[in-house]
Amino acid sequence: MSNAQSRTQSDSSRYSAIARSAQFQSLLKRKRRFIVPMTVFFLAFYFLLPILTSYTTILNEDAIGPISWAWLFAFAQFIMTWALCIAYSRKAKKFDEAVAAIRSEHHI
């Protein structure tokens with residue numbers, strides 16, 4: 001067996017051991033608990049504007065002077081995008097710390 005083949009098998013078995021570890025499974029669970037709801041919220045908020053403007057007249061009302069609710073909703077999407085990016089960046093730091101702990105435990 002060549003050196004590259006044995007290294008590939010070693011890397012594969014090392015990854016399998018890490019993937020089965022409780023710490024790694026916990027990390028995946030925490031990431032899913034954060035990412036899935038955020039993604040659902042983002043998609044719902046994002047698609048709500050075209051749906052509401054296409055099929056209803058709810059957002060046609062004036063909100064502030066001549067500015068309609070549709071414009072405010074569209075502007076809110078920029079704010080929502082930045083807020084989600086900031087929230088994910090902060091959460092990602094904690095995920096990175098968990099990855100560092102897993103790597104040090106498995107001597108990577």
# chains A, B, ... in the order shown; residues from 1 in each chain; ligands from 1
call {"tool": "residues_around", "arguments": {"residues": "Leu28 of chain A", "least_positions_apart": "4", "cutoff": "12 Å", "atoms": "only C-alpha atoms", "output": "VMD selection string"}}
result
chain A and resid 18 to 24 32 to 36 95 to 96 98 to 99
call {"tool": "write_last_selection", "arguments": {"atoms": "C-alpha atoms", "output": "compact mmCIF listing (two decimals), in the first residue's frame"}}
result
# COMPACT_ATOMS: atom_id res chain seq x y z
CA ILE A 18 -14.67 12.92 14.85
CA ALA A 19 -18.08 12.78 13.14
CA ARG A 20 -19.30 10.21 15.68
CA SER A 21 -18.06 12.19 18.68
CA ALA A 22 -20.57 13.75 21.05
CA GLN A 23 -18.95 17.18 20.73
CA PHE A 24 -19.25 17.16 16.93
CA ARG A 32 -29.03 23.45 12.82
CA ARG A 33 -31.05 24.99 15.66
CA PHE A 34 -29.68 28.39 14.68
CA ILE A 35 -29.44 28.21 10.89
CA VAL A 36 -32.74 26.53 10.00
CA PHE A 95 -19.17 27.69 16.49
CA ASP A 96 -15.51 28.33 15.69
CA ALA A 98 -16.40 24.59 19.43
CA VAL A 99 -14.52 23.50 16.29
call {"tool": "select_by_dssp", "arguments": {"residues": "chain A", "states": "strand (DSSP E)", "output": "MDAnalysis selection string"}}
result
chainID A and resid 62:64 67:68
call {"tool": "residues_around", "arguments": {"residues": "Met80 of chain A", "least_positions_apart": "6", "cutoff": "12 Å", "atoms": "only C-alpha atoms", "output": "JSON, numbers by chain"}}
result
{"A": [38, 39, 41, 42, 43, 44, 45, 46, 72, 73, 74, 86, 87]}
call {"tool": "residues_around", "arguments": {"residues": "Ala70 of chain A", "least_positions_apart": "5", "cutoff": "9 Å", "atoms": "only C-alpha atoms", "output": "list of chain:residue names"}}
result
A:Leu49, A:Leu52, A:Thr53, A:Ile58, A:Leu59, A:Asn60, A:Glu61, A:Asp62, A:Ala63, A:Phe75
call {"tool": "write_last_selection", "arguments": {"atoms": "C-alpha atoms", "output": "PDB file, in the first residue's frame"}}
result
ATOM      1  CA  LEU A  49     -42.920  41.583  -0.195  1.00  0.00           C
ATOM      2  CA  LEU A  52     -48.114  41.061  -0.807  1.00  0.00           C
ATOM      3  CA  THR A  53     -47.503  43.567  -3.601  1.00  0.00           C
ATOM      4  CA  ILE A  58     -52.223  46.097   1.849  1.00  0.00           C
ATOM      5  CA  LEU A  59     -48.852  47.748   1.274  1.00  0.00           C
ATOM      6  CA  ASN A  60     -50.226  50.444  -1.063  1.00  0.00           C
ATOM      7  CA  GLU A  61     -51.391  52.624   1.835  1.00  0.00           C
ATOM      8  CA  ASP A  62     -49.352  55.680   2.740  1.00  0.00           C
ATOM      9  CA  ALA A  63     -47.232  55.129   5.834  1.00  0.00           C
ATOM     10  CA  PHE A  75     -36.154  49.136   3.229  1.00  0.00           C
TER      11      PHE A  75
END
call {"tool": "atom_distance", "arguments": {"atom1": "atom CA of Lys91 of chain A", "atom2": "atom CA of Lys31 of chain A"}}
result
8.9 Å
call {"tool": "select_by_dssp", "arguments": {"residues": "chain A", "states": "alpha helix (DSSP H)", "output": "count of residues only"}}
result
89
call {"tool": "atom_distance", "arguments": {"atom1": "atom CA of Ser26 of chain A", "atom2": "atom CA of Ile102 of chain A"}}
result
10.8 Å
call {"tool": "decode", "arguments": {"residues": "segment 31-60 of chain A", "atoms": "N, CA and C atoms", "output": "compact mmCIF listing (two decimals), in the first residue's frame"}}
result
# COMPACT_ATOMS: atom_id res chain seq x y z
N LYS A 31 -25.79 24.21 15.41
CA LYS A 31 -25.80 24.95 14.14
C LYS A 31 -27.16 24.84 13.45
N ARG A 32 -27.72 23.64 13.43
CA ARG A 32 -29.03 23.45 12.82
C ARG A 32 -30.11 24.25 13.53
N ARG A 33 -30.06 24.24 14.88
CA ARG A 33 -31.05 24.99 15.66
C ARG A 33 -30.99 26.48 15.39
N PHE A 34 -29.83 26.97 14.99
CA PHE A 34 -29.68 28.39 14.68
C PHE A 34 -29.97 28.67 13.21
N ILE A 35 -29.38 27.90 12.32
CA ILE A 35 -29.44 28.21 10.89
C ILE A 35 -30.81 27.95 10.28
N VAL A 36 -31.46 26.86 10.63
CA VAL A 36 -32.74 26.53 10.00
C VAL A 36 -33.81 27.59 10.30
N PRO A 37 -34.04 27.97 11.56
CA PRO A 37 -35.05 29.01 11.80
C PRO A 37 -34.69 30.36 11.15
N MET A 38 -33.41 30.69 11.17
CA MET A 38 -33.00 31.95 10.54
C MET A 38 -33.25 31.92 9.03
N THR A 39 -33.00 30.80 8.41
CA THR A 39 -33.22 30.67 6.98
C THR A 39 -34.71 30.73 6.65
N VAL A 40 -35.51 30.05 7.44
CA VAL A 40 -36.97 30.09 7.22
C VAL A 40 -37.49 31.52 7.39
N PHE A 41 -37.03 32.21 8.45
CA PHE A 41 -37.44 33.59 8.65
C PHE A 41 -37.03 34.46 7.47
N PHE A 42 -35.77 34.34 7.04
CA PHE A 42 -35.27 35.15 5.93
C PHE A 42 -36.10 34.92 4.67
N LEU A 43 -36.33 33.67 4.33
CA LEU A 43 -37.08 33.38 3.10
C LEU A 43 -38.52 33.87 3.20
N ALA A 44 -39.15 33.69 4.34
CA ALA A 44 -40.52 34.17 4.51
C ALA A 44 -40.57 35.69 4.39
N PHE A 45 -39.67 36.38 5.07
CA PHE A 45 -39.64 37.84 5.03
C PHE A 45 -39.33 38.33 3.62
N TYR A 46 -38.39 37.67 2.95
CA TYR A 46 -37.96 38.07 1.61
C TYR A 46 -39.10 37.91 0.60
N PHE A 47 -39.78 36.76 0.62
CA PHE A 47 -40.83 36.51 -0.37
C PHE A 47 -42.16 37.15 -0.01
N LEU A 48 -42.31 37.63 1.20
CA LEU A 48 -43.56 38.27 1.59
C LEU A 48 -43.79 39.55 0.81
N LEU A 49 -42.76 40.32 0.54
CA LEU A 49 -42.92 41.58 -0.20
C LEU A 49 -43.48 41.36 -1.60
N PRO A 50 -42.88 40.53 -2.44
CA PRO A 50 -43.47 40.34 -3.77
C PRO A 50 -44.85 39.70 -3.72
N ILE A 51 -45.08 38.83 -2.75
CA ILE A 51 -46.40 38.20 -2.65
C ILE A 51 -47.45 39.24 -2.26
N LEU A 52 -47.15 40.05 -1.25
CA LEU A 52 -48.11 41.06 -0.81
C LEU A 52 -48.35 42.14 -1.86
N THR A 53 -47.31 42.53 -2.58
CA THR A 53 -47.50 43.57 -3.60
C THR A 53 -48.18 43.03 -4.85
N SER A 54 -48.03 41.75 -5.12
CA SER A 54 -48.64 41.17 -6.32
C SER A 54 -50.10 40.79 -6.12
N TYR A 55 -50.45 40.31 -4.95
CA TYR A 55 -51.77 39.73 -4.76
C TYR A 55 -52.68 40.50 -3.79
N THR A 56 -52.16 41.53 -3.14
CA THR A 56 -52.99 42.33 -2.24
C THR A 56 -52.68 43.81 -2.45
N THR A 57 -53.44 44.65 -1.80
CA THR A 57 -53.19 46.09 -1.84
C THR A 57 -52.83 46.62 -0.45
N ILE A 58 -52.52 45.72 0.46
CA ILE A 58 -52.22 46.10 1.85
C ILE A 58 -51.08 47.10 1.93
N LEU A 59 -50.04 46.90 1.17
CA LEU A 59 -48.85 47.75 1.27
C LEU A 59 -48.95 49.02 0.44
N ASN A 60 -50.07 49.25 -0.24
CA ASN A 60 -50.23 50.44 -1.06
C ASN A 60 -50.59 51.68 -0.25
